[in-house]
Amino acid sequence: MYASGLYRRMNTLSKERSGIALLVIPLLAVGGCAHRMPGPVPSEADRVTLRIVGIASATYIPGVSFLVPAKGAGQGALIGSGTGFAAPFQGLAGAGPYGIFVAAAMGVVLAPFGAMIGAANAMPLEEARSSETALRKALAELKIQESLRDRLIAEAKGKVGARSFRIVDGGPAGPSEKPTYAPSAFERMDSVLEVRCTRLGLRTQTWGTNPPMEFFLEAKLRLVRVRDGTDLWSRTLTHQSEAHRLPEWAEDGGKPLKEAFEQAYGEIAEKTVEEVFFLVPLP
Amino acid sequence: MFHCLERSVPLLRFGFAAWIVLYVAGCSYHPAVCGLRPLSPDLTAGAASDSLIFTEIDSLQPTLRWESFPRPSDLHTERQGLLIKTARDVSYELRIWRVEDNSAIRRVYERRELTTPKYRVDVRLDPNTRYFWSVRAKFRAGEETRVIPWGFSKVPSVPGLVFCIPSGNIPHANYYRFQTPAKEIPRQHPLRETPFAPPK
C-alpha cells in the first residue's frame with residue numbers, strides 16, 4: 001500500500017518535473033543560456049562596435065596536400081577493384097534482394113578488371129612521391145599565414161578606412177588550438193579577427209600520369225568580441241584555381257603557382273571583409 | 001496487398017514514362033535563386049537532372065539584364081528590412097567567369113557602379129565558350145555602404161545555405177551561366193524583339 005503510494009507520488013513528481021523541463025529547456029535555449037551560434041554575418045549592432053580590430057594570424061605551417069585518385073600501382077589496383085565491385089550496386093540498388101544478388105555477382109566479376117585498370121592508370125609511385133616532395137619543399141618556404149593576414153589587412157584598410165586594423169599576436173599555434181583573446185591582453189581592441197590557412201595544395205580527380213591539377217587553399221576565419229569572448233562570425237572558405245599540369249605550375253620559376261596564391265589570398269580577403277563589414281543577408 | 005501492388009503498377013508506369021519524356025524532351029524550368037534574378041540570358045535547369053543549363057546566346061558581347069533592387073520582397077524583409085527600406089545610391093556590380101573545365105573557373109570580367117539593371121559587355125568574349133556570371137546590388141543605408149550576396153541558383157541544392165550566403169567555396173559553382181556562339185549571329189529584326197517576362 002505504502003509502496004504503491006510512493007510509486008504514484010514518484011510518478012506524479014516525475015511527470016511534473018518532465019513538464020517543467022519541457023518548459024525550461026526552450027526558455028534556456030531562447031534566453032541565451034545555450035551557447036550562442038554566430039550568425040551568417042555580424043549583426044548591424046555588432047558592426048557598430050568594430051572600431052579597433054586586431055588581426056591575429058596562425059603561427060603554424062598549414063597542411064600541404066597532394067591529392068590524386070591513386071598513388072602507385074598497388075593503391076590504384078585497390079581503389080580500382082573497389083570501384084569495380086561497387087559500380088553494379090549503384091545501378092541495381094533499387095532492384096531489391098534479387099538486384100543486390102546480381103550486383104554482388106557482377107561486382108565479383110568486375111573487381112579484377114577494375115584492379116587492372118586502376119593499377120595501369122594510377123600515377124606512378126615515384127612520380128607521386130617526387131611531385132609531393134617538390135610541392136612541400138616549395139610551399140614550406142612561403143610565409144602563407146602572414147601573407148594571408150597582410151592581404152586581409154590591406155583589403156580591410158582599402159574598403160573600411162574609418163576603422164583601425166592592427167596586427168596582434170596570440171593567433172592559433174596549432175591546427176586544433178582555439179585561442180581565447182582575453183580582455184586583459186587585448187584591452188585596446190574591440191574584437192580580434194583570427195585568420196588561419198588550414199590546408200592547401202594541388203588536387204585532381206583525373207587518373208594517370210601528369211594529370212591537370214587545381215590549386216586549392218582553405219582558410220578558417222573567426223571574429224571574436226574581446227569583451228566577452230563571443231564569436232561574432234566564423235567561416236571556412238576554400239579557393240580553387242584553374243587546373244594546370246605540374247610542369248606548367250612550375251614554369252617561369254613557379255609564376256603560375258604564385259599567381260594562384262595571390263588570387264586565393266585576394267578572394268578570401270575580399271569575401272572576409274565583405275561579410276564582416278558590408279554584406280546584408282537575404283532570406 | 002497484391003491488389004494494392006497491382007493498382008500501383010499503372011501509376012509507376014506513368015511516372016517512369018513521364019520521367020523518360022522529360023529526360024528525352026529536355027524539359028527545363030526556372031530554378032529559385034538567391035539574390036537578383038537574371039532576366040537575360042535566362043536561368044534554366046534541366047527537369048530530369050536538376051543541373052543548370054548553359055543558355056546559348058547569340059552575341060560575343062551580350063547584354064545582360066537582371067532584376068532591379070530593392071525588390072518588393074526585400075522591402076518586406078523583417079530581418080534587415082529597415083536597412084533595405086532606407087537604401088539609396090543603388091548601383092550594381094557584375095562579374096563574369098570563364099569556365100576552364102568542369103570544376104575550375106577564372107574571373108575574366110568585372111564592372112562596378114552600374115546604375116541600371118542591364119549592361120552590354122564591352123569586350124568580345126571568346127567564341128564557343130562557357131561562362132558563369134553574377135550580379136549584386138550595392139547601396140547606402142544611413143552612412144554605411146552595404147552589398148547583397150552575389151546572385152546564384154539554388155539548384156543544384158547548396159549544402160549549408162543560410163540567408164543566401166553559401167558556405168565554402170570561392171567561386172561558387174551555382175552562378176548564372178551562358179555559352180557564347182561559335183561566331184556572332186547577326187540579328188535580323190531587332191525592333192521586333194519581344195521583351196523578356198520574368199517567370200512567375
# chains A, B, ... in the order shown; residues from 1 in each chain; ligands from 1
>>> interface_residues(of="chain B", to="chain A", cutoff="7 Å", atoms="only C-alpha atoms", output="list in words")
Glu100, Ala104, Ile105, Arg106, Thr145, Arg146, Val147, Ile148, Pro149, Val162, Phe163, Cys164, Ile165, Gly168, Asn169, Ile170 and Pro171 of chain B
>>> write_last_selection(atoms="C-alpha atoms", output="CSV table (one decimal), in the first residue's frame")
chain,number,residue,atom,x,y,z
B,100,GLU,CA,38.0,26.4,-67.9
B,104,ALA,CA,37.7,25.4,-62.3
B,105,ILE,CA,36.6,28.9,-63.3
B,106,ARG,CA,38.5,32.1,-63.7
B,145,THR,CA,27.7,51.1,-47.6
B,146,ARG,CA,26.1,47.7,-47.9
B,147,VAL,CA,26.0,44.9,-50.5
B,148,ILE,CA,23.7,41.9,-51.0
B,149,PRO,CA,25.1,38.5,-51.8
B,162,VAL,CA,22.0,30.2,-44.6
B,163,PHE,CA,20.4,33.5,-45.6
B,164,CYS,CA,21.7,33.2,-49.2
B,165,ILE,CA,25.3,33.1,-48.0
B,168,GLY,CA,32.6,27.2,-48.5
B,169,ASN,CA,33.9,27.6,-52.0
B,170,ILE,CA,35.0,30.6,-53.9
B,171,PRO,CA,34.0,31.0,-56.7
>>> select_by_dssp(residues="segment 73-214 of chain A", states="helix (DSSP H, G or I)", output="mmCIF file with N, CA and C atoms, in the first residue's frame")
data_model
loop_
_atom_site.group_PDB
_atom_site.id
_atom_site.type_symbol
_atom_site.label_atom_id
_atom_site.label_comp_id
_atom_site.auth_asym_id
_atom_site.auth_seq_id
_atom_site.Cartn_x
_atom_site.Cartn_y
_atom_site.Cartn_z
ATOM 1 N N ALA A 73 50.829 1.656 -58.384
ATOM 2 C CA ALA A 73 50.000 0.584 -58.941
ATOM 3 C C ALA A 73 49.213 -0.154 -57.857
ATOM 4 N N GLY A 74 49.834 -0.342 -56.693
ATOM 5 C CA GLY A 74 49.167 -1.072 -55.611
ATOM 6 C C GLY A 74 47.903 -0.370 -55.160
ATOM 7 N N GLN A 75 48.036 0.913 -54.864
ATOM 8 C CA GLN A 75 46.869 1.674 -54.424
ATOM 9 C C GLN A 75 45.844 1.778 -55.558
ATOM 10 N N GLY A 76 46.356 1.935 -56.781
ATOM 11 C CA GLY A 76 45.459 2.010 -57.948
ATOM 12 C C GLY A 76 44.643 0.739 -58.087
ATOM 13 N N ALA A 77 45.305 -0.423 -57.902
ATOM 14 C CA ALA A 77 44.608 -1.708 -58.008
ATOM 15 C C ALA A 77 43.542 -1.844 -56.930
ATOM 16 N N LEU A 78 43.900 -1.410 -55.734
ATOM 17 C CA LEU A 78 42.970 -1.500 -54.603
ATOM 18 C C LEU A 78 41.730 -0.643 -54.843
ATOM 19 N N ILE A 79 41.970 0.601 -55.228
ATOM 20 C CA ILE A 79 40.848 1.517 -55.464
ATOM 21 C C ILE A 79 40.047 1.066 -56.686
ATOM 22 N N GLY A 80 40.771 0.614 -57.714
ATOM 23 C CA GLY A 80 40.094 0.149 -58.939
ATOM 24 C C GLY A 80 39.205 -1.051 -58.663
ATOM 25 N N SER A 81 39.702 -2.004 -57.858
ATOM 26 C CA SER A 81 38.887 -3.185 -57.573
ATOM 27 C C SER A 81 37.662 -2.808 -56.751
ATOM 28 N N GLY A 82 37.858 -1.887 -55.822
ATOM 29 C CA GLY A 82 36.729 -1.417 -55.014
ATOM 30 C C GLY A 82 35.687 -0.731 -55.881
ATOM 31 N N THR A 83 36.148 0.113 -56.790
ATOM 32 C CA THR A 83 35.227 0.816 -57.687
ATOM 33 C C THR A 83 34.505 -0.182 -58.588
ATOM 34 N N GLY A 84 35.268 -1.159 -59.100
ATOM 35 C CA GLY A 84 34.669 -2.172 -59.975
ATOM 36 C C GLY A 84 33.612 -3.000 -59.253
ATOM 37 N N PHE A 85 33.889 -3.316 -58.001
ATOM 38 C CA PHE A 85 32.938 -4.116 -57.226
ATOM 39 C C PHE A 85 31.682 -3.293 -56.892
ATOM 40 N N ALA A 86 31.888 -2.006 -56.579
ATOM 41 C CA ALA A 86 30.772 -1.174 -56.122
ATOM 42 C C ALA A 86 29.893 -0.684 -57.271
ATOM 43 N N ALA A 87 30.464 -0.598 -58.473
ATOM 44 C CA ALA A 87 29.722 0.010 -59.592
ATOM 45 C C ALA A 87 28.353 -0.623 -59.849
ATOM 46 N N PRO A 88 28.238 -1.974 -59.907
ATOM 47 C CA PRO A 88 26.913 -2.546 -60.190
ATOM 48 C C PRO A 88 25.870 -2.234 -59.124
ATOM 49 N N PHE A 89 26.313 -2.017 -57.889
ATOM 50 C CA PHE A 89 25.356 -1.730 -56.810
ATOM 51 C C PHE A 89 24.637 -0.407 -57.038
ATOM 52 N N GLN A 90 25.365 0.556 -57.635
ATOM 53 C CA GLN A 90 24.742 1.859 -57.883
ATOM 54 C C GLN A 90 23.584 1.711 -58.870
ATOM 55 N N GLY A 91 23.790 0.867 -59.886
ATOM 56 C CA GLY A 91 22.758 0.694 -60.903
ATOM 57 C C GLY A 91 21.603 -0.178 -60.441
ATOM 58 N N LEU A 92 21.889 -1.099 -59.544
ATOM 59 C CA LEU A 92 20.860 -2.075 -59.161
ATOM 60 C C LEU A 92 20.394 -1.906 -57.716
ATOM 61 N N ALA A 93 20.694 -0.749 -57.152
ATOM 62 C CA ALA A 93 20.390 -0.536 -55.733
ATOM 63 C C ALA A 93 18.901 -0.642 -55.435
ATOM 64 N N GLY A 94 18.070 -0.204 -56.373
ATOM 65 C CA GLY A 94 16.635 -0.190 -56.117
ATOM 66 C C GLY A 94 15.924 -1.453 -56.555
ATOM 67 N N ALA A 95 16.674 -2.447 -56.941
ATOM 68 C CA ALA A 95 16.043 -3.631 -57.533
ATOM 69 C C ALA A 95 15.754 -4.740 -56.521
ATOM 70 N N GLY A 96 15.858 -4.449 -55.237
ATOM 71 C CA GLY A 96 15.501 -5.433 -54.217
ATOM 72 C C GLY A 96 16.577 -6.478 -53.994
ATOM 73 N N PRO A 97 16.240 -7.538 -53.218
ATOM 74 C CA PRO A 97 17.237 -8.559 -52.859
ATOM 75 C C PRO A 97 17.841 -9.241 -54.086
ATOM 76 N N TYR A 98 16.995 -9.466 -55.114
ATOM 77 C CA TYR A 98 17.493 -10.110 -56.333
ATOM 78 C C TYR A 98 18.556 -9.224 -56.995
ATOM 79 N N GLY A 99 18.249 -7.908 -57.025
ATOM 80 C CA GLY A 99 19.174 -6.935 -57.621
ATOM 81 C C GLY A 99 20.500 -6.928 -56.886
ATOM 82 N N ILE A 100 20.443 -6.998 -55.558
ATOM 83 C CA ILE A 100 21.677 -6.989 -54.759
ATOM 84 C C ILE A 100 22.495 -8.241 -55.049
ATOM 85 N N PHE A 101 21.795 -9.378 -55.186
ATOM 86 C CA PHE A 101 22.488 -10.634 -55.506
ATOM 87 C C PHE A 101 23.186 -10.530 -56.867
ATOM 88 N N VAL A 102 22.450 -9.971 -57.860
ATOM 89 C CA VAL A 102 23.022 -9.816 -59.215
ATOM 90 C C VAL A 102 24.199 -8.842 -59.161
ATOM 91 N N ALA A 103 24.012 -7.726 -58.407
ATOM 92 C CA ALA A 103 25.072 -6.720 -58.309
ATOM 93 C C ALA A 103 26.331 -7.320 -57.686
ATOM 94 N N ALA A 104 26.127 -8.142 -56.636
ATOM 95 C CA ALA A 104 27.278 -8.768 -55.976
ATOM 96 C C ALA A 104 28.007 -9.699 -56.949
ATOM 97 N N ALA A 105 27.223 -10.471 -57.731
ATOM 98 C CA ALA A 105 27.830 -11.388 -58.695
ATOM 99 C C ALA A 105 28.610 -10.604 -59.756
ATOM 100 N N MET A 106 27.981 -9.520 -60.236
ATOM 101 C CA MET A 106 28.658 -8.695 -61.248
ATOM 102 C C MET A 106 29.898 -8.036 -60.652
ATOM 103 N N GLY A 107 29.775 -7.596 -59.380
ATOM 104 C CA GLY A 107 30.895 -6.937 -58.709
ATOM 105 C C GLY A 107 32.104 -7.853 -58.605
ATOM 106 N N VAL A 108 31.842 -9.119 -58.286
ATOM 107 C CA VAL A 108 32.938 -10.088 -58.165
ATOM 108 C C VAL A 108 33.662 -10.238 -59.509
ATOM 109 N N VAL A 109 32.879 -10.198 -60.585
ATOM 110 C CA VAL A 109 33.476 -10.331 -61.928
ATOM 111 C C VAL A 109 34.235 -9.058 -62.299
ATOM 112 N N LEU A 110 33.645 -7.888 -61.963
ATOM 113 C CA LEU A 110 34.224 -6.615 -62.408
ATOM 114 C C LEU A 110 35.420 -6.161 -61.568
ATOM 115 N N ALA A 111 35.477 -6.624 -60.313
ATOM 116 C CA ALA A 111 36.542 -6.146 -59.417
ATOM 117 C C ALA A 111 37.952 -6.381 -59.980
ATOM 118 N N PRO A 112 38.267 -7.593 -60.505
ATOM 119 C CA PRO A 112 39.626 -7.777 -61.042
ATOM 120 C C PRO A 112 39.922 -6.854 -62.222
ATOM 121 N N PHE A 113 38.882 -6.626 -63.056
ATOM 122 C CA PHE A 113 39.087 -5.702 -64.180
ATOM 123 C C PHE A 113 39.379 -4.297 -63.651
ATOM 124 N N GLY A 114 38.615 -3.904 -62.634
ATOM 125 C CA GLY A 114 38.830 -2.594 -62.011
ATOM 126 C C GLY A 114 40.239 -2.483 -61.448
ATOM 127 N N ALA A 115 40.688 -3.574 -60.836
ATOM 128 C CA ALA A 115 42.040 -3.581 -60.261
ATOM 129 C C ALA A 115 43.093 -3.383 -61.349
ATOM 130 N N MET A 116 42.899 -4.070 -62.479
ATOM 131 C CA MET A 116 43.866 -3.947 -63.579
ATOM 132 C C MET A 116 43.883 -2.524 -64.128
ATOM 133 N N ILE A 117 42.662 -1.997 -64.340
ATOM 134 C CA ILE A 117 42.566 -0.634 -64.886
ATOM 135 C C ILE A 117 43.155 0.370 -63.900
ATOM 136 N N GLY A 118 42.834 0.171 -62.610
ATOM 137 C CA GLY A 118 43.353 1.068 -61.573
ATOM 138 C C GLY A 118 44.872 1.032 -61.500
ATOM 139 N N ALA A 119 45.425 -0.178 -61.555
ATOM 140 C CA ALA A 119 46.877 -0.321 -61.467
ATOM 141 C C ALA A 119 47.562 0.328 -62.668
ATOM 142 N N ALA A 120 46.937 0.156 -63.836
ATOM 143 C CA ALA A 120 47.546 0.695 -65.060
ATOM 144 C C ALA A 120 47.455 2.213 -65.124
ATOM 145 N N ASN A 121 46.387 2.778 -64.531
ATOM 146 C CA ASN A 121 46.151 4.218 -64.691
ATOM 147 C C ASN A 121 46.541 5.059 -63.485
ATOM 148 N N LEU A 125 54.179 5.585 -58.455
ATOM 149 C CA LEU A 125 54.507 5.951 -57.079
ATOM 150 C C LEU A 125 55.679 6.929 -57.024
ATOM 151 N N GLU A 126 56.675 6.679 -57.863
ATOM 152 C CA GLU A 126 57.864 7.540 -57.867
ATOM 153 C C GLU A 126 57.486 8.974 -58.251
ATOM 154 N N GLU A 127 56.631 9.078 -59.277
ATOM 155 C CA GLU A 127 56.199 10.407 -59.731
ATOM 156 C C GLU A 127 55.409 11.116 -58.623
ATOM 157 N N ALA A 128 54.520 10.355 -57.968
ATOM 158 C CA ALA A 128 53.706 10.948 -56.902
ATOM 159 C C ALA A 128 54.578 11.430 -55.759
ATOM 160 N N ARG A 129 55.568 10.586 -55.381
ATOM 161 C CA ARG A 129 56.432 10.948 -54.253
ATOM 162 C C ARG A 129 57.282 12.168 -54.576
ATOM 163 N N SER A 130 57.886 12.163 -55.780
ATOM 164 C CA SER A 130 58.776 13.277 -56.127
ATOM 165 C C SER A 130 57.979 14.577 -56.272
ATOM 166 N N SER A 131 56.772 14.484 -56.839
ATOM 167 C CA SER A 131 55.945 15.687 -57.006
ATOM 168 C C SER A 131 55.527 16.237 -55.643
ATOM 169 N N GLU A 132 55.143 15.323 -54.772
ATOM 170 C CA GLU A 132 54.692 15.724 -53.437
ATOM 171 C C GLU A 132 55.841 16.383 -52.662
ATOM 172 N N THR A 133 57.032 15.783 -52.770
ATOM 173 C CA THR A 133 58.203 16.342 -52.077
ATOM 174 C C THR A 133 58.523 17.733 -52.609
ATOM 175 N N ALA A 134 58.509 17.856 -53.941
ATOM 176 C CA ALA A 134 58.827 19.157 -54.550
ATOM 177 C C ALA A 134 57.807 20.209 -54.121
ATOM 178 N N LEU A 135 56.550 19.802 -54.071
ATOM 179 C CA LEU A 135 55.487 20.742 -53.685
ATOM 180 C C LEU A 135 55.664 21.194 -52.235
ATOM 181 N N ARG A 136 55.901 20.234 -51.346
ATOM 182 C CA ARG A 136 56.072 20.570 -49.926
ATOM 183 C C ARG A 136 57.273 21.490 -49.720
ATOM 184 N N LYS A 137 58.372 21.196 -50.458
ATOM 185 C CA LYS A 137 59.584 21.998 -50.330
ATOM 186 C C LYS A 137 59.322 23.434 -50.793
ATOM 187 N N ALA A 138 58.621 23.550 -51.914
ATOM 188 C CA ALA A 138 58.347 24.883 -52.468
ATOM 189 C C ALA A 138 57.444 25.687 -51.534
ATOM 190 N N LEU A 139 56.463 25.011 -50.937
ATOM 191 C CA LEU A 139 55.489 25.731 -50.113
ATOM 192 C C LEU A 139 56.001 26.012 -48.703
ATOM 193 N N ALA A 140 56.963 25.204 -48.246
ATOM 194 C CA ALA A 140 57.486 25.395 -46.885
ATOM 195 C C ALA A 140 58.198 26.733 -46.753
ATOM 196 N N ILE A 144 52.835 31.685 -45.592
ATOM 197 C CA ILE A 144 51.437 31.677 -46.041
ATOM 198 C C ILE A 144 50.520 32.387 -45.050
ATOM 199 N N GLN A 145 50.666 32.063 -43.779
ATOM 200 C CA GLN A 145 49.776 32.673 -42.766
ATOM 201 C C GLN A 145 49.934 34.192 -42.736
ATOM 202 N N GLU A 146 51.174 34.638 -42.754
ATOM 203 C CA GLU A 146 51.428 36.082 -42.703
ATOM 204 C C GLU A 146 50.941 36.767 -43.985
ATOM 205 N N SER A 147 51.148 36.087 -45.117
ATOM 206 C CA SER A 147 50.727 36.693 -46.389
ATOM 207 C C SER A 147 49.213 36.856 -46.436
ATOM 208 N N LEU A 148 48.502 35.851 -45.954
ATOM 209 C CA LEU A 148 47.038 35.929 -45.944
ATOM 210 C C LEU A 148 46.586 37.050 -45.007
ATOM 211 N N ARG A 149 47.224 37.124 -43.836
ATOM 212 C CA ARG A 149 46.886 38.182 -42.878
ATOM 213 C C ARG A 149 47.132 39.570 -43.483
ATOM 214 N N ASP A 150 48.307 39.740 -44.108
ATOM 215 C CA ASP A 150 48.646 41.053 -44.664
ATOM 216 C C ASP A 150 47.690 41.447 -45.786
ATOM 217 N N ARG A 151 47.288 40.456 -46.583
ATOM 218 C CA ARG A 151 46.349 40.757 -47.667
ATOM 219 C C ARG A 151 44.989 41.173 -47.099
ATOM 220 N N LEU A 152 44.631 40.518 -46.020
ATOM 221 C CA LEU A 152 43.352 40.834 -45.367
ATOM 222 C C LEU A 152 43.378 42.257 -44.803
ATOM 223 N N ILE A 153 44.489 42.629 -44.204
ATOM 224 C CA ILE A 153 44.612 43.987 -43.651
ATOM 225 C C ILE A 153 44.568 45.024 -44.774
ATOM 226 N N ALA A 154 45.277 44.731 -45.861
ATOM 227 C CA ALA A 154 45.275 45.665 -46.998
ATOM 228 C C ALA A 154 43.862 45.834 -47.546
ATOM 229 N N GLU A 155 43.147 44.738 -47.670
ATOM 230 C CA GLU A 155 41.774 44.773 -48.188
ATOM 231 C C GLU A 155 40.874 45.559 -47.232
ATOM 232 N N ALA A 156 41.029 45.310 -45.943
ATOM 233 C CA ALA A 156 40.186 45.982 -44.954
ATOM 234 C C ALA A 156 40.473 47.482 -44.919
ATOM 235 N N LYS A 157 41.750 47.839 -44.947
ATOM 236 C CA LYS A 157 42.098 49.262 -44.913
ATOM 237 C C LYS A 157 41.605 49.979 -46.169
ATOM 238 N N GLY A 158 41.632 49.261 -47.288
ATOM 239 C CA GLY A 158 41.174 49.863 -48.540
ATOM 240 C C GLY A 158 39.673 50.078 -48.570
ATOM 241 N N LYS A 159 38.931 49.219 -47.918
ATOM 242 C CA LYS A 159 37.469 49.282 -48.024
ATOM 243 C C LYS A 159 36.782 49.831 -46.780
#
>>> closest_residue(among="A:Ala173, A:Met123, A:Val273, A:Leu232", to="Ser57 of chain A", atoms="only C-alpha atoms")
A:Ala173
>>> atom_distance(atom1="atom CA of Pro166 of chain B", atom2="atom CA of Leu94 of chain B")
18.4 Å
>>> residues_around(residues="Gln61 of chain B", least_positions_apart="5", cutoff="9 Å", atoms="only C-alpha atoms", output="VMD selection string")
chain B and resid 120 to 125 180 184
>>> write_last_selection(atoms="C-alpha atoms", output="short mmCIF file (atom, residue, chain, number, x, y, z; two decimals), in the first residue's frame")
data_model
loop_
_atom_site.label_atom_id
_atom_site.label_comp_id
_atom_site.auth_asym_id
_atom_site.auth_seq_id
_atom_site.Cartn_x
_atom_site.Cartn_y
_atom_site.Cartn_z
CA ARG B 120 26.22 45.24 -72.56
CA VAL B 121 29.58 43.55 -72.08
CA ASP B 122 32.09 45.95 -73.61
CA VAL B 123 34.72 43.39 -74.62
CA ARG B 124 34.41 40.47 -77.00
CA LEU B 125 34.16 37.21 -75.15
CA THR B 180 28.85 32.11 -76.42
CA GLU B 184 28.48 36.26 -83.99
#
>>> closest_residue(among="B:Ile53, B:Val33, B:Leu39, B:Ala137", to="Pro70 of chain B", atoms="only C-alpha atoms")
B:Ala137
>>> select_by_dssp(residues="segment 145-271 of chain A", states="strand (DSSP E)", output="number ranges by chain")
A: 164-167, 191-203, 213-225, 231-244
>>> write_last_selection(atoms="N, CA and C atoms", output="short mmCIF file (atom, residue, chain, number, x, y, z; two decimals), in the first residue's frame")
data_model
loop_
_atom_site.label_atom_id
_atom_site.label_comp_id
_atom_site.auth_asym_id
_atom_site.auth_seq_id
_atom_site.Cartn_x
_atom_site.Cartn_y
_atom_site.Cartn_z
N SER A 164 40.12 50.96 -37.52
CA SER A 164 41.55 50.75 -37.34
C SER A 164 41.86 49.25 -37.27
N PHE A 165 42.87 48.84 -38.00
CA PHE A 165 43.24 47.42 -38.02
C PHE A 165 44.69 47.27 -37.57
N ARG A 166 44.93 46.40 -36.61
CA ARG A 166 46.28 46.23 -36.08
C ARG A 166 46.65 44.75 -35.99
N ILE A 167 47.89 44.48 -36.33
CA ILE A 167 48.39 43.10 -36.20
C ILE A 167 48.58 42.80 -34.72
N SER A 191 37.62 43.88 -31.04
CA SER A 191 37.45 42.50 -31.50
C SER A 191 38.75 42.03 -32.15
N VAL A 192 38.85 40.73 -32.31
CA VAL A 192 40.01 40.15 -32.98
C VAL A 192 39.52 39.30 -34.14
N LEU A 193 40.08 39.54 -35.30
CA LEU A 193 39.77 38.72 -36.47
C LEU A 193 40.90 37.70 -36.63
N GLU A 194 40.55 36.46 -36.39
CA GLU A 194 41.56 35.39 -36.43
C GLU A 194 41.59 34.77 -37.83
N VAL A 195 42.80 34.64 -38.35
CA VAL A 195 42.98 34.15 -39.73
C VAL A 195 43.88 32.92 -39.69
N ARG A 196 43.42 31.84 -40.25
CA ARG A 196 44.32 30.69 -40.34
C ARG A 196 44.11 29.95 -41.65
N CYS A 197 45.23 29.73 -42.35
CA CYS A 197 45.17 28.86 -43.52
C CYS A 197 45.29 27.44 -42.98
N THR A 198 44.28 26.63 -43.23
CA THR A 198 44.29 25.29 -42.63
C THR A 198 44.98 24.26 -43.53
N ARG A 199 44.76 24.37 -44.82
CA ARG A 199 45.46 23.45 -45.72
C ARG A 199 45.44 24.00 -47.13
N LEU A 200 46.35 23.51 -47.91
CA LEU A 200 46.46 23.95 -49.30
C LEU A 200 47.18 22.87 -50.09
N GLY A 201 47.19 23.00 -51.38
CA GLY A 201 47.90 22.02 -52.19
C GLY A 201 47.35 21.92 -53.58
N LEU A 202 47.68 20.80 -54.21
CA LEU A 202 47.20 20.51 -55.56
C LEU A 202 46.32 19.27 -55.50
N ARG A 203 45.28 19.25 -56.32
CA ARG A 203 44.41 18.08 -56.30
C ARG A 203 43.81 17.84 -57.68
N MET A 213 46.07 19.52 -62.55
CA MET A 213 45.73 19.62 -61.13
C MET A 213 45.35 21.05 -60.78
N GLU A 214 44.36 21.18 -59.91
CA GLU A 214 43.97 22.52 -59.48
C GLU A 214 44.61 22.83 -58.13
N PHE A 215 44.93 24.10 -57.96
CA PHE A 215 45.47 24.56 -56.70
C PHE A 215 44.30 24.93 -55.78
N PHE A 216 44.38 24.55 -54.52
CA PHE A 216 43.33 24.95 -53.59
C PHE A 216 43.95 25.47 -52.28
N LEU A 217 43.23 26.35 -51.65
CA LEU A 217 43.68 26.91 -50.37
C LEU A 217 42.45 27.09 -49.49
N GLU A 218 42.50 26.49 -48.30
CA GLU A 218 41.37 26.57 -47.36
C GLU A 218 41.77 27.42 -46.16
N ALA A 219 40.89 28.32 -45.79
CA ALA A 219 41.17 29.21 -44.66
C ALA A 219 39.99 29.21 -43.71
N LYS A 220 40.30 29.27 -42.41
CA LYS A 220 39.25 29.41 -41.39
C LYS A 220 39.39 30.79 -40.78
N LEU A 221 38.27 31.47 -40.67
CA LEU A 221 38.30 32.84 -40.14
C LEU A 221 37.28 32.97 -39.03
N ARG A 222 37.61 33.79 -38.07
CA ARG A 222 36.75 33.93 -36.89
C ARG A 222 36.86 35.34 -36.34
N LEU A 223 35.72 35.95 -36.09
CA LEU A 223 35.72 37.28 -35.49
C LEU A 223 35.25 37.14 -34.04
N VAL A 224 36.11 37.53 -33.10
CA VAL A 224 35.83 37.32 -31.68
C VAL A 224 35.70 38.67 -30.99
N ARG A 225 34.62 38.84 -30.22
CA ARG A 225 34.50 40.06 -29.41
C ARG A 225 35.34 39.90 -28.16
N ASP A 231 32.01 34.58 -30.26
CA ASP A 231 32.26 34.52 -31.70
C ASP A 231 31.16 35.29 -32.42
N LEU A 232 31.51 36.36 -33.09
CA LEU A 232 30.51 37.15 -33.82
C LEU A 232 30.30 36.61 -35.23
N TRP A 233 31.30 35.92 -35.74
CA TRP A 233 31.23 35.40 -37.12
C TRP A 233 32.34 34.38 -37.29
N SER A 234 32.06 33.34 -38.01
CA SER A 234 33.15 32.40 -38.36
C SER A 234 32.83 31.73 -39.68
N ARG A 235 33.86 31.47 -40.43
CA ARG A 235 33.67 30.90 -41.77
C ARG A 235 34.86 30.05 -42.17
N THR A 236 34.59 29.05 -42.99
CA THR A 236 35.66 28.32 -43.66
C THR A 236 35.51 28.59 -45.15
N LEU A 237 36.52 29.14 -45.76
CA LEU A 237 36.46 29.49 -47.17
C LEU A 237 37.52 28.72 -47.93
N THR A 238 37.14 28.20 -49.08
CA THR A 238 38.11 27.47 -49.90
C THR A 238 38.16 28.08 -51.29
N HIS A 239 39.35 28.44 -51.70
CA HIS A 239 39.53 28.93 -53.07
C HIS A 239 40.12 27.81 -53.91
N GLN A 240 39.60 27.65 -55.11
CA GLN A 240 40.23 26.69 -56.02
C GLN A 240 40.48 27.35 -57.36
N SER A 241 41.62 27.01 -57.93
CA SER A 241 42.05 27.69 -59.15
C SER A 241 41.71 26.85 -60.37
N GLU A 242 42.10 27.37 -61.52
CA GLU A 242 42.02 26.55 -62.73
C GLU A 242 43.11 25.47 -62.67
N ALA A 243 42.97 24.45 -63.50
CA ALA A 243 43.90 23.31 -63.43
C ALA A 243 45.06 23.47 -64.41
N HIS A 244 46.25 23.08 -63.97
CA HIS A 244 47.44 23.02 -64.83
C HIS A 244 48.15 21.70 -64.53
#
>>> closest_residue(among="A:Lys143, A:Arg227, A:Arg163, A:Lys71", to="Asn210 of chain A", atoms="only C-alpha atoms")
A:Lys71
>>> atom_distance(atom1="atom CA of Arg95 of chain B", atom2="atom CA of Arg136 of chain B")
9.1 Å
>>> residues_around(residues="Gly151 of chain B", least_positions_apart="6", cutoff="7 Å", atoms="only C-alpha atoms", output="ChimeraX atom specification")
/B:33-37,134-136,175
>>> atom_distance(atom1="atom CA of Gln205 of chain A", atom2="atom CA of Pro124 of chain A")
15.2 Å
